[in-house]
Amino acid sequence: MFAIRNEETALDIVQDAMMRIAEKYGDRPVAEWPMLFQRILQNAIRDSYRRSKVRSLWTTLLSSFSSNDDEDTDPLETIAAESESDGLSTPHRQLERAQLLAAIEKEIEKLPPRQREAFLMRYWEEMDIAETAAAMGCSAGSVKTHCSRATQTLAAALRAKGIEL
């Protein structure tokens with residue numbers, strides 16, 4: 001079983017699970033709630049781990065291009081800004097950054113429209129699964145599938161170009 005080490009994240013997961021049980025199973029007998037809550041909580045924890053795993057994959061890939069620790073900055077904007085204004089970097093390094101940024105953008109553009117839409121909403125816009133599903137007009141399961149396929153496709157395409165994640 002997974003353990004959530006960040007207290008705030010753990011509290012958010014429990015709160016979300018409580019809201020789900022109240023919204024979806026409020027009409028069920030109270031005796032059924034403990035088992036339902038346990039299942040909902042386990043699923044929420046798994047979702048949290050999957051989300052953090054994918055997010056850390058992309059954060060790791062792009063973090064090497066960011067010189068500051070500000071979490072609110074867009075990695076693609078940071079790479080572009082550094083390549084334009086970094087007086088300390090060599091022309092060779094600027095060229096490498098520009099090429100990497102172009103490769104990432106090109107591979108994102110190649111994704112099927114629904115995968116690209118789900119991927120950008122989830123990982124660039126940091127929308128949660130429910131928000132993304134509502135915006136796309138599909139189920140949460142479809143969002144998860146689109147994001148998973150997009151991530152796998154992008155990782156394989158970048159690896160094929162010699163970009164290690």
# chains A, B, ... in the order shown; residues from 1 in each chain; ligands from 1
call {"tool": "residues_around", "arguments": {"residues": "Met18 (chain A)", "least_positions_apart": "3", "cutoff": "9 Å", "atoms": "only C-alpha atoms", "output": "list in words"}}
result
Ile13, Val14, Gln15, Ile21, Ala22, Glu23, Phe37, Ile40 and Leu41 of chain A
call {"tool": "residues_around", "arguments": {"residues": "Lys144 (chain A)", "least_positions_apart": "3", "cutoff": "12 Å", "atoms": "only C-alpha atoms", "output": "list in words"}}
result
Asp47, Arg50, Arg51, Val54, Arg114, Gln115, Glu117, Ala118, Phe119, Met121, Arg122, Tyr123, Asp128, Ile129, Ala130, Thr132, Ala133, Cys138, Ser139, Ala140, Gly141, Cys147, Ser148, Arg149, Ala150 and Thr151 of chain A
